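Beneath this line is the structure, given in structure tokens, with notes to follow.
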Amino acid sequence: MNHDDDGKDNGKERGTPNGGTAVQLTRKDFESDQEVRWCPGCGDYAILRAFHVMFAKLGIPREQIVVVSGIGCSSRLPYYVDTYGFHTIHGRAPAVATGIKVANPGLSVWIATGDGDGLSIGGNHLIHVLRRNVDVKIVLFNNRIYGLTKGQYSPTSEQGKKTKSTPFGSAENPFNPLSVALGAEATFVARTVDVFTQHLLAVLEAAAAHRGAAFVEVYQNCNIFNDGAFDFMRGKEVRDENTLDLQHGKPILFGKQLEKGLRLRGTGVEVVNVQETGLDDVLVHDAHAEDPTLAFLLSRLGPPELPTPIGILRSVERPVLDQSMHEQVNEVVARKGPGNLEALLHSGDTWTV
Ligand SMILES: Cc1ncc(C[n+]2csc(CCOP(=O)(O)OP(=O)(O)O)c2C)c(N)n1
Ligand code: SF4
């Protein structure tokens with residue numbers, strides 16, 4: 001994969017979602033004329049830039065891309081990309097995106113959502129868009145706080161977190177977004193970090209290439225209301241020690257010299273020094289495993305004892321809803337002939353009120 005982020009290498013030969021001609025666009029073509037209204041230093045800027053570059057690399061016309069969002073700082077993203085977009089109501093982007101994709105399967109449909117928008121008010125909608133495997137790409141900006149409404153705790157805030165709405169510390173158990181997505185049978189589940197520029201871009205590109213619902217969690221710094229939430233693995237000096245960069249088909253290793261590995265122990269994992277133990281027992285990452293058990297186990301890892309996994313935890317194929325639905329409609333039409341809405345409305349019991 002070429003990770004140059006000038007957006008120029010956008011594969012002329014690549015097909016468009018509806019089989020049209022590929023176009024050559026640059027990152028600049030995807031920048032809108034809207035003033036970006038995020039706080040200076042917000043992690044959202046890095047994610048926005050990755051969207052611009054990734055869209056240019058897709059090699060498809062802007063009018064074939066739709067970005068749908070709910071409400072929140074992160075949900076302002078559709079204004080800042082020069083594609084079609086829809087800033088919907090809180091938590092409801094999956095419903096609108098599903099409608100768009102099912103009505104026009106040729107479009108590349110993206111959802112930008114926050115941890116509050118996607119997992120709190122929109123939690124129910126999120127799990128069902130994943131379960132149904134609608135071919136949409138969901139990017140969840142996780143800053144573990146409500147940014148737009150000025151710093152209340154969210155479903156991903158850690159227990160004990162002091163915020164304006166939990167002045168004595170949150171008493172709640174947080175959600176792990178990757179575990180939730182895997183539990184909802186998502187076919188593509190990944191995690192990346194706002195400042196890991198190349199990694200972020202590669203994960204978004206992989207999500208774009210996936211056929212089905214792709215769920216990408218991005219650890220995003222809200223420097224105003226939750227500054228430093230991911231500093232334990234975001235900085236250069238801690239990244240190698242505390243991050244597990246998953247690669248399909250490769251042993252699961254981390255550390256500065258990749259000297260540490262993970263091996264199974266009971267129903268969990270333990271860290272081994274591979275210079276002493278060799279690689280024989282070290283887990284090999286299989287992102288394409290049908291059984292999500294190991295992916296779920298990986299989704300549970302993190303501080304204080306274990307490194308935090310990033311990359312693609314799961315990528316499997318399953319029929320997509322937009323296709324299955326059209327196939328079913330075509331089959332029924334072939335069998336029963338085209339429907340008649342007027343006749344349907346006047347069939348069965350009717351009342352005059
Ligand atoms: C029905 C409804 N309830 C509550 C709100 C208030 N509200 C707006 S954004 C938001 C949370 C945003 O948090 P998150 O999704 O994490 O996004 P961020 O701003 O952190 O990017 C809330 C509760 C609303 N707009 N609509
Ligand atoms: S409040 Fe936080 S998430 Fe919102 S724009 Fe500012 S820094 Fe970003």
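Labels for the structure tokens follow display order: chains A, B, ..., residues from 1 in each chain, ligands from 1.
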
Could you give me, as a tab-separated table, every chain A residue with an atom at most 12 Å from ligand 2, plus its closest atom pair and distance in Å to one decimal, counting only C-alpha atoms and all ligand atoms, rows ordered by chain then number?
residue	atom	partner	partner_atom_place_in_ligand_line	distance
A:Val36	CA	ligand 2	5 (S)	9.4
A:Arg37	CA	ligand 2	5 (S)	7.0
A:Trp38	CA	ligand 2	5 (S)	3.7
A:Cys39	CA	ligand 2	6 (Fe)	4.1
A:Pro40	CA	ligand 2	7 (S)	7.1
A:Gly41	CA	ligand 2	7 (S)	6.7
A:Cys42	CA	ligand 2	7 (S)	4.1
A:Gly43	CA	ligand 2	8 (Fe)	6.4
A:Asp44	CA	ligand 2	8 (Fe)	6.1
A:Tyr45	CA	ligand 2	8 (Fe)	8.5
A:Ala46	CA	ligand 2	8 (Fe)	11.0
A:Ile47	CA	ligand 2	8 (Fe)	11.2
A:Leu48	CA	ligand 2	8 (Fe)	11.8
A:Ile71	CA	ligand 2	4 (Fe)	11.3
A:Gly72	CA	ligand 2	4 (Fe)	7.6
A:Cys73	CA	ligand 2	4 (Fe)	4.6
A:Ser74	CA	ligand 2	3 (S)	6.7
A:Ser75	CA	ligand 2	4 (Fe)	9.9
A:Arg76	CA	ligand 2	5 (S)	9.4
A:Leu77	CA	ligand 2	5 (S)	10.9
A:Thr113	CA	ligand 2	3 (S)	11.5
A:Gly114	CA	ligand 2	3 (S)	9.0
A:Asp115	CA	ligand 2	3 (S)	10.7
A:Gly116	CA	ligand 2	3 (S)	11.2
A:Phe141	CA	ligand 2	3 (S)	8.9
A:Asn142	CA	ligand 2	3 (S)	9.2
A:Asn143	CA	ligand 2	3 (S)	6.9
A:Arg144	CA	ligand 2	3 (S)	9.6
A:Ile145	CA	ligand 2	3 (S)	8.1
A:Tyr146	CA	ligand 2	3 (S)	7.5
A:Gly147	CA	ligand 2	1 (S)	4.0
A:Leu148	CA	ligand 2	4 (Fe)	5.2
A:Thr149	CA	ligand 2	1 (S)	7.9
A:Lys150	CA	ligand 2	1 (S)	6.4
A:Gly151	CA	ligand 2	1 (S)	7.5
A:Gln152	CA	ligand 2	1 (S)	10.8
A:Asp194	CA	ligand 2	8 (Fe)	11.7
A:Tyr219	CA	ligand 2	3 (S)	11.3
A:Gln220	CA	ligand 2	3 (S)	7.9
A:Asn221	CA	ligand 2	7 (S)	7.0
A:Cys222	CA	ligand 2	2 (Fe)	3.7
A:Asn223	CA	ligand 2	7 (S)	4.7
A:Ile224	CA	ligand 2	7 (S)	4.8
A:Phe225	CA	ligand 2	2 (Fe)	5.7
A:Asn226	CA	ligand 2	2 (Fe)	7.3
A:Asp227	CA	ligand 2	7 (S)	8.2
A:Gly228	CA	ligand 2	7 (S)	11.2
A:Ala229	CA	ligand 2	2 (Fe)	11.6

List every residue of region 162-265 of chain A that DSSP, applied to the backbone of this structure, places in strand (DSSP E), and write the result as a PyMOL selection string.
chain A and resi 188-193+214-219+243-246+253-254+260-265

Output N, CA, C and O atoms for every residue in the selection just made, as a CSV table (one decimal), in the first residue's frame.
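Written file, result_16.csv:
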chain,number,residue,atom,x,y,z
A,188,PHE,N,-16.2,-5.9,9.7
A,188,PHE,CA,-14.9,-5.2,9.6
A,188,PHE,C,-14.8,-4.3,10.9
A,188,PHE,O,-15.6,-3.4,11.1
A,189,VAL,N,-13.7,-4.6,11.7
A,189,VAL,CA,-13.5,-3.8,12.9
A,189,VAL,C,-12.1,-3.4,13.1
A,189,VAL,O,-11.2,-4.3,13.0
A,190,ALA,N,-11.8,-2.2,13.3
A,190,ALA,CA,-10.4,-1.7,13.3
A,190,ALA,C,-10.3,-0.5,14.3
A,190,ALA,O,-11.3,0.1,14.7
A,191,ARG,N,-9.1,-0.3,14.7
A,191,ARG,CA,-8.8,0.9,15.6
A,191,ARG,C,-7.6,1.6,15.1
A,191,ARG,O,-6.6,1.0,14.6
A,192,THR,N,-7.6,2.9,15.2
A,192,THR,CA,-6.4,3.7,14.9
A,192,THR,C,-6.4,5.0,15.8
A,192,THR,O,-7.2,5.1,16.6
A,193,VAL,N,-5.4,5.8,15.5
A,193,VAL,CA,-5.2,7.0,16.4
A,193,VAL,C,-5.0,8.2,15.6
A,193,VAL,O,-4.4,8.2,14.5
A,214,ALA,N,-18.2,-1.3,7.8
A,214,ALA,CA,-16.8,-1.3,8.4
A,214,ALA,C,-16.9,-0.3,9.6
A,214,ALA,O,-17.4,0.8,9.4
A,215,PHE,N,-16.4,-0.8,10.7
A,215,PHE,CA,-16.4,0.0,11.9
A,215,PHE,C,-14.9,0.4,12.3
A,215,PHE,O,-14.1,-0.5,12.5
A,216,VAL,N,-14.6,1.7,12.3
A,216,VAL,CA,-13.3,2.1,12.6
A,216,VAL,C,-13.4,3.0,13.8
A,216,VAL,O,-14.0,4.1,13.8
A,217,GLU,N,-12.7,2.7,14.9
A,217,GLU,CA,-12.6,3.5,16.1
A,217,GLU,C,-11.3,4.3,16.0
A,217,GLU,O,-10.3,3.8,15.7
A,218,VAL,N,-11.5,5.7,16.1
A,218,VAL,CA,-10.2,6.5,16.1
A,218,VAL,C,-10.1,7.1,17.5
A,218,VAL,O,-11.0,7.9,17.9
A,219,TYR,N,-9.0,6.9,18.1
A,219,TYR,CA,-8.7,7.6,19.4
A,219,TYR,C,-8.4,9.0,19.0
A,219,TYR,O,-7.5,9.3,18.3
A,243,THR,N,1.6,0.0,22.4
A,243,THR,CA,0.7,-0.3,21.2
A,243,THR,C,1.0,-1.6,20.6
A,243,THR,O,2.2,-2.0,20.4
A,244,LEU,N,-0.1,-2.3,20.2
A,244,LEU,CA,0.1,-3.5,19.5
A,244,LEU,C,-0.4,-3.3,18.1
A,244,LEU,O,-1.6,-3.2,17.8
A,245,ASP,N,0.5,-3.2,17.1
A,245,ASP,CA,0.1,-2.9,15.7
A,245,ASP,C,-0.2,-4.2,15.0
A,245,ASP,O,0.7,-4.9,14.5
A,246,LEU,N,-1.5,-4.6,14.9
A,246,LEU,CA,-1.9,-5.9,14.4
A,246,LEU,C,-1.7,-6.0,12.8
A,246,LEU,O,-2.1,-5.1,12.1
A,253,LEU,N,3.4,-9.2,18.0
A,253,LEU,CA,4.6,-8.7,18.7
A,253,LEU,C,4.5,-7.2,18.9
A,253,LEU,O,3.8,-6.5,18.2
A,254,PHE,N,5.2,-6.8,20.0
A,254,PHE,CA,5.3,-5.3,20.2
A,254,PHE,C,6.6,-5.1,21.0
A,254,PHE,O,7.4,-6.0,21.2
A,260,LYS,N,8.6,-8.5,22.4
A,260,LYS,CA,7.6,-9.1,23.3
A,260,LYS,C,6.5,-9.6,22.4
A,260,LYS,O,6.1,-9.1,21.3
A,261,GLY,N,5.9,-10.8,22.8
A,261,GLY,CA,4.9,-11.4,22.1
A,261,GLY,C,3.7,-11.8,23.0
A,261,GLY,O,3.9,-11.8,24.2
A,262,LEU,N,2.6,-12.1,22.4
A,262,LEU,CA,1.4,-12.5,23.1
A,262,LEU,C,1.2,-14.0,22.9
A,262,LEU,O,1.2,-14.4,21.8
A,263,ARG,N,1.0,-14.7,24.0
A,263,ARG,CA,0.5,-16.1,23.8
A,263,ARG,C,-0.7,-16.4,24.7
A,263,ARG,O,-0.9,-15.7,25.7
A,264,LEU,N,-1.5,-17.4,24.3
A,264,LEU,CA,-2.7,-17.7,25.0
A,264,LEU,C,-2.4,-18.3,26.4
A,264,LEU,O,-1.4,-19.0,26.5
A,265,ARG,N,-3.2,-17.9,27.3
A,265,ARG,CA,-3.0,-18.5,28.7
A,265,ARG,C,-4.5,-18.6,29.2
A,265,ARG,O,-5.1,-17.5,29.5

Nearest to ligand 1 among A:Ala289, A:Ile89, A:Met233, A:Met325, with distances taken over only C-alpha atoms and all ligand atoms: which residue is it?
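Among A:Ala289, A:Ile89, A:Met233, A:Met325, it is A:Ile89 that comes nearest to ligand 1.
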
I need the residues of region 35-266 of chain A that end up classed as helix (DSSP H, G or I) by DSSP on the backbone, written out as a compact mmCIF listing (two decimals) with N, CA, C and O atoms, in the first residue's frame.
# COMPACT_ATOMS: atom_id res chain seq x y z
N ASP A 44 -9.56 16.18 15.67
CA ASP A 44 -10.45 16.05 14.50
C ASP A 44 -9.78 16.52 13.21
O ASP A 44 -10.10 16.03 12.12
N TYR A 45 -8.86 17.50 13.32
CA TYR A 45 -8.21 18.01 12.10
C TYR A 45 -7.44 16.90 11.37
O TYR A 45 -7.47 16.83 10.15
N ALA A 46 -6.75 16.08 12.15
CA ALA A 46 -5.95 15.01 11.53
C ALA A 46 -6.86 14.01 10.84
O ALA A 46 -6.55 13.48 9.76
N ILE A 47 -8.00 13.75 11.46
CA ILE A 47 -8.94 12.78 10.87
C ILE A 47 -9.55 13.37 9.59
O ILE A 47 -9.68 12.68 8.58
N LEU A 48 -9.85 14.66 9.65
CA LEU A 48 -10.40 15.32 8.45
C LEU A 48 -9.41 15.24 7.29
O LEU A 48 -9.78 14.91 6.16
N ARG A 49 -8.17 15.53 7.60
CA ARG A 49 -7.16 15.48 6.53
C ARG A 49 -7.06 14.06 5.95
O ARG A 49 -6.96 13.87 4.74
N ALA A 50 -7.13 13.08 6.83
CA ALA A 50 -7.07 11.68 6.35
C ALA A 50 -8.27 11.38 5.44
O ALA A 50 -8.14 10.68 4.44
N PHE A 51 -9.42 11.93 5.76
CA PHE A 51 -10.60 11.75 4.90
C PHE A 51 -10.32 12.35 3.51
O PHE A 51 -10.61 11.74 2.49
N HIS A 52 -9.78 13.59 3.50
CA HIS A 52 -9.49 14.24 2.21
C HIS A 52 -8.56 13.38 1.36
O HIS A 52 -8.81 13.16 0.18
N VAL A 53 -7.49 12.91 1.98
CA VAL A 53 -6.49 12.12 1.24
C VAL A 53 -7.11 10.80 0.79
O VAL A 53 -6.96 10.38 -0.37
N MET A 54 -7.84 10.15 1.71
CA MET A 54 -8.42 8.84 1.39
C MET A 54 -9.43 8.96 0.26
O MET A 54 -9.43 8.16 -0.67
N PHE A 55 -10.25 10.00 0.29
CA PHE A 55 -11.23 10.17 -0.79
C PHE A 55 -10.53 10.37 -2.13
O PHE A 55 -10.96 9.83 -3.15
N ALA A 56 -9.45 11.15 -2.12
CA ALA A 56 -8.70 11.37 -3.38
C ALA A 56 -8.16 10.04 -3.90
O ALA A 56 -8.18 9.77 -5.09
N LYS A 57 -7.71 9.21 -2.96
CA LYS A 57 -7.13 7.92 -3.37
C LYS A 57 -8.19 6.94 -3.87
O LYS A 57 -7.86 6.01 -4.60
N LEU A 58 -9.44 7.13 -3.48
CA LEU A 58 -10.49 6.22 -3.95
C LEU A 58 -10.65 6.30 -5.46
O LEU A 58 -11.06 5.34 -6.10
N ARG A 62 -16.63 13.00 -6.76
CA ARG A 62 -17.14 13.49 -5.47
C ARG A 62 -18.63 13.23 -5.30
O ARG A 62 -19.12 12.98 -4.22
N GLU A 63 -19.35 13.31 -6.42
CA GLU A 63 -20.81 13.15 -6.32
C GLU A 63 -21.24 11.72 -6.05
O GLU A 63 -22.42 11.44 -5.88
N GLN A 64 -20.27 10.80 -6.02
CA GLN A 64 -20.62 9.42 -5.67
C GLN A 64 -20.30 9.11 -4.21
O GLN A 64 -20.37 7.97 -3.78
N SER A 74 -17.42 16.10 16.21
CA SER A 74 -17.01 15.18 15.13
C SER A 74 -18.04 15.14 14.02
O SER A 74 -17.70 15.00 12.84
N SER A 75 -19.29 15.30 14.37
CA SER A 75 -20.36 15.21 13.38
C SER A 75 -20.43 16.43 12.48
O SER A 75 -21.27 16.50 11.58
N ARG A 76 -19.55 17.40 12.69
CA ARG A 76 -19.49 18.54 11.76
C ARG A 76 -18.70 18.19 10.50
O ARG A 76 -18.65 18.96 9.54
N LEU A 77 -18.12 17.03 10.48
CA LEU A 77 -17.23 16.66 9.37
C LEU A 77 -17.85 16.81 7.96
O LEU A 77 -17.17 17.27 7.05
N PRO A 78 -19.12 16.44 7.76
CA PRO A 78 -19.66 16.56 6.39
C PRO A 78 -19.53 17.97 5.79
O PRO A 78 -19.39 18.12 4.58
N TYR A 79 -19.55 19.02 6.64
CA TYR A 79 -19.40 20.38 6.11
C TYR A 79 -18.02 20.60 5.50
O TYR A 79 -17.83 21.46 4.66
N TYR A 80 -17.06 19.85 5.98
CA TYR A 80 -15.66 20.14 5.64
C TYR A 80 -15.11 19.25 4.53
O TYR A 80 -13.92 19.31 4.23
N ALA A 93 -27.44 8.83 12.33
CA ALA A 93 -26.74 8.70 11.05
C ALA A 93 -26.89 7.30 10.44
O ALA A 93 -27.08 7.18 9.24
N PRO A 94 -26.82 6.22 11.24
CA PRO A 94 -26.94 4.89 10.63
C PRO A 94 -28.26 4.69 9.88
O PRO A 94 -28.28 4.06 8.82
N ALA A 95 -29.35 5.24 10.41
CA ALA A 95 -30.66 5.06 9.75
C ALA A 95 -30.65 5.79 8.40
O ALA A 95 -31.07 5.23 7.37
N VAL A 96 -30.16 7.02 8.39
CA VAL A 96 -30.14 7.81 7.15
C VAL A 96 -29.16 7.18 6.15
O VAL A 96 -29.47 7.03 4.96
N ALA A 97 -28.01 6.78 6.64
CA ALA A 97 -27.00 6.17 5.75
C ALA A 97 -27.52 4.86 5.16
O ALA A 97 -27.28 4.56 3.98
N THR A 98 -28.25 4.09 5.95
CA THR A 98 -28.83 2.84 5.44
C THR A 98 -29.80 3.14 4.30
O THR A 98 -29.76 2.49 3.24
N GLY A 99 -30.64 4.13 4.50
CA GLY A 99 -31.60 4.51 3.46
C GLY A 99 -30.89 4.93 2.18
O GLY A 99 -31.27 4.51 1.07
N ILE A 100 -29.83 5.73 2.33
CA ILE A 100 -29.09 6.21 1.16
C ILE A 100 -28.47 5.04 0.41
O ILE A 100 -28.57 4.91 -0.80
N LYS A 101 -27.85 4.15 1.15
CA LYS A 101 -27.13 3.04 0.51
C LYS A 101 -28.09 2.05 -0.14
O LYS A 101 -27.81 1.53 -1.23
N VAL A 102 -29.19 1.77 0.52
CA VAL A 102 -30.15 0.81 -0.03
C VAL A 102 -30.82 1.41 -1.27
O VAL A 102 -31.03 0.73 -2.27
N ALA A 103 -31.10 2.72 -1.23
CA ALA A 103 -31.74 3.36 -2.39
C ALA A 103 -30.76 3.45 -3.56
O ALA A 103 -31.17 3.33 -4.71
N ASP A 115 -18.26 9.25 20.22
CA ASP A 115 -18.58 8.20 21.21
C ASP A 115 -19.93 8.47 21.86
O ASP A 115 -20.67 7.53 22.18
N GLY A 116 -20.29 9.73 22.01
CA GLY A 116 -21.61 10.04 22.56
C GLY A 116 -22.68 9.77 21.52
O GLY A 116 -23.65 9.05 21.77
N ASP A 117 -22.48 10.32 20.34
CA ASP A 117 -23.46 10.19 19.26
C ASP A 117 -23.66 8.72 18.87
O ASP A 117 -24.79 8.26 18.72
N GLY A 118 -22.56 7.99 18.72
CA GLY A 118 -22.64 6.63 18.21
C GLY A 118 -23.00 5.60 19.26
O GLY A 118 -23.67 4.61 18.97
N LEU A 119 -22.56 5.81 20.49
CA LEU A 119 -22.72 4.75 21.50
C LEU A 119 -23.75 5.07 22.58
O LEU A 119 -24.21 4.17 23.27
N SER A 120 -24.08 6.36 22.73
CA SER A 120 -25.08 6.69 23.74
C SER A 120 -26.44 6.76 23.06
O SER A 120 -27.09 5.73 22.86
N ILE A 121 -26.82 7.95 22.58
CA ILE A 121 -28.16 8.07 21.98
C ILE A 121 -28.29 7.20 20.73
O ILE A 121 -29.37 6.73 20.41
N GLY A 123 -26.66 4.25 20.18
CA GLY A 123 -26.15 2.89 20.38
C GLY A 123 -26.97 1.83 19.68
O GLY A 123 -26.44 0.92 19.03
N ASN A 124 -28.28 1.96 19.77
CA ASN A 124 -29.16 0.97 19.17
C ASN A 124 -29.03 0.96 17.65
O ASN A 124 -28.95 -0.09 17.01
N HIS A 125 -28.96 2.15 17.07
CA HIS A 125 -28.85 2.24 15.61
C HIS A 125 -27.50 1.70 15.13
O HIS A 125 -27.41 1.07 14.09
N LEU A 126 -26.48 1.96 15.91
CA LEU A 126 -25.14 1.50 15.52
C LEU A 126 -25.08 -0.03 15.47
O LEU A 126 -24.61 -0.61 14.48
N ILE A 127 -25.59 -0.70 16.50
CA ILE A 127 -25.45 -2.16 16.50
C ILE A 127 -26.25 -2.79 15.36
O ILE A 127 -25.83 -3.79 14.78
N HIS A 128 -27.35 -2.17 14.98
CA HIS A 128 -28.15 -2.79 13.91
C HIS A 128 -27.59 -2.53 12.52
O HIS A 128 -27.73 -3.37 11.64
N VAL A 129 -26.93 -1.40 12.32
CA VAL A 129 -26.32 -1.19 10.99
C VAL A 129 -25.17 -2.18 10.83
O VAL A 129 -24.92 -2.70 9.73
N LEU A 130 -24.52 -2.53 11.92
CA LEU A 130 -23.44 -3.52 11.88
C LEU A 130 -24.01 -4.92 11.67
O LEU A 130 -23.56 -5.68 10.82
N ARG A 131 -25.01 -5.25 12.44
CA ARG A 131 -25.65 -6.57 12.33
C ARG A 131 -26.18 -6.81 10.92
O ARG A 131 -26.02 -7.89 10.36
N ARG A 132 -26.77 -5.78 10.33
CA ARG A 132 -27.36 -5.94 8.99
C ARG A 132 -26.31 -5.97 7.90
O ARG A 132 -26.60 -6.28 6.76
N PRO A 177 -15.77 0.12 22.48
CA PRO A 177 -16.42 0.18 21.16
C PRO A 177 -16.11 -1.02 20.27
O PRO A 177 -16.98 -1.49 19.55
N LEU A 178 -14.88 -1.52 20.32
CA LEU A 178 -14.53 -2.65 19.45
C LEU A 178 -15.26 -3.92 19.89
O LEU A 178 -15.73 -4.69 19.06
N SER A 179 -15.36 -4.12 21.20
CA SER A 179 -16.09 -5.29 21.70
C SER A 179 -17.57 -5.19 21.32
O SER A 179 -18.20 -6.19 20.98
N VAL A 180 -18.12 -3.97 21.41
CA VAL A 180 -19.52 -3.78 21.04
C VAL A 180 -19.72 -4.13 19.56
O VAL A 180 -20.64 -4.85 19.18
N ALA A 181 -18.81 -3.62 18.71
CA ALA A 181 -18.93 -3.87 17.27
C ALA A 181 -18.81 -5.36 16.96
O ALA A 181 -19.58 -5.92 16.17
N LEU A 182 -17.88 -6.03 17.62
CA LEU A 182 -17.71 -7.47 17.39
C LEU A 182 -18.93 -8.24 17.89
O LEU A 182 -19.39 -9.18 17.25
N GLY A 183 -19.46 -7.81 19.02
CA GLY A 183 -20.66 -8.44 19.57
C GLY A 183 -21.85 -8.26 18.64
O GLY A 183 -22.77 -9.08 18.64
N THR A 197 -0.60 9.24 11.55
CA THR A 197 -1.08 9.66 10.22
C THR A 197 -1.14 8.54 9.20
O THR A 197 -2.18 8.34 8.55
N GLN A 198 -0.05 7.83 9.02
CA GLN A 198 0.00 6.79 7.98
C GLN A 198 -0.92 5.63 8.33
O GLN A 198 -1.59 5.06 7.48
N HIS A 199 -0.94 5.29 9.62
CA HIS A 199 -1.78 4.18 10.08
C HIS A 199 -3.26 4.51 9.88
O HIS A 199 -4.04 3.71 9.36
N LEU A 200 -3.62 5.72 10.26
CA LEU A 200 -5.00 6.19 10.13
C LEU A 200 -5.45 6.11 8.66
O LEU A 200 -6.53 5.59 8.34
N LEU A 201 -4.59 6.58 7.78
CA LEU A 201 -4.93 6.57 6.35
C LEU A 201 -5.08 5.13 5.84
O LEU A 201 -6.03 4.81 5.13
N ALA A 202 -4.15 4.28 6.23
CA ALA A 202 -4.19 2.89 5.77
C ALA A 202 -5.46 2.19 6.26
O ALA A 202 -6.09 1.43 5.51
N VAL A 203 -5.85 2.46 7.50
CA VAL A 203 -7.07 1.82 8.04
C VAL A 203 -8.31 2.34 7.31
O VAL A 203 -9.21 1.58 6.96
N LEU A 204 -8.35 3.65 7.04
CA LEU A 204 -9.51 4.19 6.32
C LEU A 204 -9.58 3.61 4.91
O LEU A 204 -10.65 3.30 4.40
N GLU A 205 -8.43 3.46 4.28
CA GLU A 205 -8.41 2.87 2.93
C GLU A 205 -8.90 1.42 2.97
O GLU A 205 -9.61 0.97 2.07
N ALA A 206 -8.48 0.69 4.00
CA ALA A 206 -8.92 -0.71 4.13
C ALA A 206 -10.43 -0.77 4.36
O ALA A 206 -11.13 -1.63 3.82
N ALA A 207 -10.95 0.18 5.15
CA ALA A 207 -12.39 0.23 5.39
C ALA A 207 -13.12 0.50 4.08
O ALA A 207 -14.15 -0.10 3.78
N ALA A 208 -12.57 1.41 3.28
CA ALA A 208 -13.19 1.76 1.99
C ALA A 208 -13.22 0.54 1.08
O ALA A 208 -14.18 0.33 0.34
N ALA A 209 -12.19 -0.27 1.15
CA ALA A 209 -12.09 -1.43 0.26
C ALA A 209 -12.98 -2.59 0.73
O ALA A 209 -13.27 -3.49 -0.04
N ASP A 231 -2.61 9.69 25.88
CA ASP A 231 -1.16 9.93 25.93
C ASP A 231 -0.37 8.67 26.29
O ASP A 231 0.81 8.57 25.99
N PHE A 232 -1.04 7.72 26.94
CA PHE A 232 -0.32 6.49 27.34
C PHE A 232 0.22 5.72 26.14
O PHE A 232 1.11 4.89 26.29
N MET A 233 -0.31 6.00 24.92
CA MET A 233 0.20 5.26 23.75
C MET A 233 0.35 6.15 22.51
O MET A 233 0.74 5.67 21.47
N ARG A 234 0.06 7.44 22.66
CA ARG A 234 0.07 8.34 21.50
C ARG A 234 1.45 8.90 21.20
O ARG A 234 1.81 9.10 20.06
N LYS A 236 5.63 9.41 20.84
CA LYS A 236 6.70 8.59 20.24
C LYS A 236 7.39 7.71 21.27
O LYS A 236 7.72 6.56 21.02
N GLU A 237 7.58 8.27 22.48
CA GLU A 237 8.37 7.55 23.49
C GLU A 237 7.61 6.37 24.10
O GLU A 237 8.22 5.46 24.66
N VAL A 238 6.28 6.37 23.99
CA VAL A 238 5.51 5.27 24.59
C VAL A 238 4.83 4.37 23.57
O VAL A 238 4.34 3.29 23.89
N ARG A 239 4.81 4.83 22.33
CA ARG A 239 4.01 4.13 21.31
C ARG A 239 4.40 2.65 21.17
O ARG A 239 3.55 1.77 21.19
N ASP A 240 5.70 2.37 21.03
CA ASP A 240 6.12 0.99 20.78
C ASP A 240 5.80 0.06 21.96
O ASP A 240 5.43 -1.09 21.78
N GLU A 241 5.95 0.59 23.16
CA GLU A 241 5.74 -0.23 24.36
C GLU A 241 4.27 -0.52 24.60
O GLU A 241 3.91 -1.59 25.08
N ASN A 242 3.44 0.45 24.29
CA ASN A 242 2.03 0.34 24.71
C ASN A 242 1.05 0.11 23.57
O ASN A 242 -0.15 0.10 23.80

Choose the residue, out of A:His87, A:Ser154, A:Gln34, A:Glu342, that has the smallest atom-to-atom separation from ligand 1; count only C-alpha atoms and all ligand atoms.
A:Ser154

Would you work out the distance separating CA of Thr156 (chain A) from CA of Val66 (chain A), expressed in Å to one decimal?
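Separating CA of Thr156 (chain A) from CA of Val66 (chain A) is a distance of 27.2 Å.
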
Between A:Asn176, A:Thr350, A:Thr308, A:Thr83, single out the one closest to Leu107 (chain A), counting only C-alpha atoms.
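Closest to Leu107 (chain A), using only C-alpha atoms: A:Thr83.
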
Env of Ser170 (chain A): 8 Å cut, atoms = only C-alpha atoms, seq-sep filter 4 positions within chain, self excluded. Answer as a list in words.
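Everything that qualifies: Tyr153, Ser157, Glu158, Gln159, Gly160, Lys161, Lys162, Thr163 and Thr166 of chain A.
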
Pick the closest to His285 (chain A) from A:Arg300, A:Lys256, A:His90, A:His248: which is it, counting only C-alpha atoms?
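Ranked by minimum distance to His285 (chain A), first place goes to A:His248.
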
Counting only C-alpha atoms, the residue of A:Glu259, A:Gln328, A:Gly348, A:Thr187 that sits nearest Ala295 (chain A)
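Once distances to Ala295 (chain A) are computed over only C-alpha atoms, the minimum belongs to A:Thr187.
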
How far is it from CA of Asp82 (chain A) to CA of Asp33 (chain A), in Å with one decimal?
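These two atoms are separated by 8.0 Å.
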
Compile the contact shell of Val320 (chain A) as a PyMOL selection string: residues with an atom at most 7 Å away, counting only C-alpha atoms, same-chain residues fewer than 2 positions apart removed.
chain A and resi 133-135+212+318+322-324
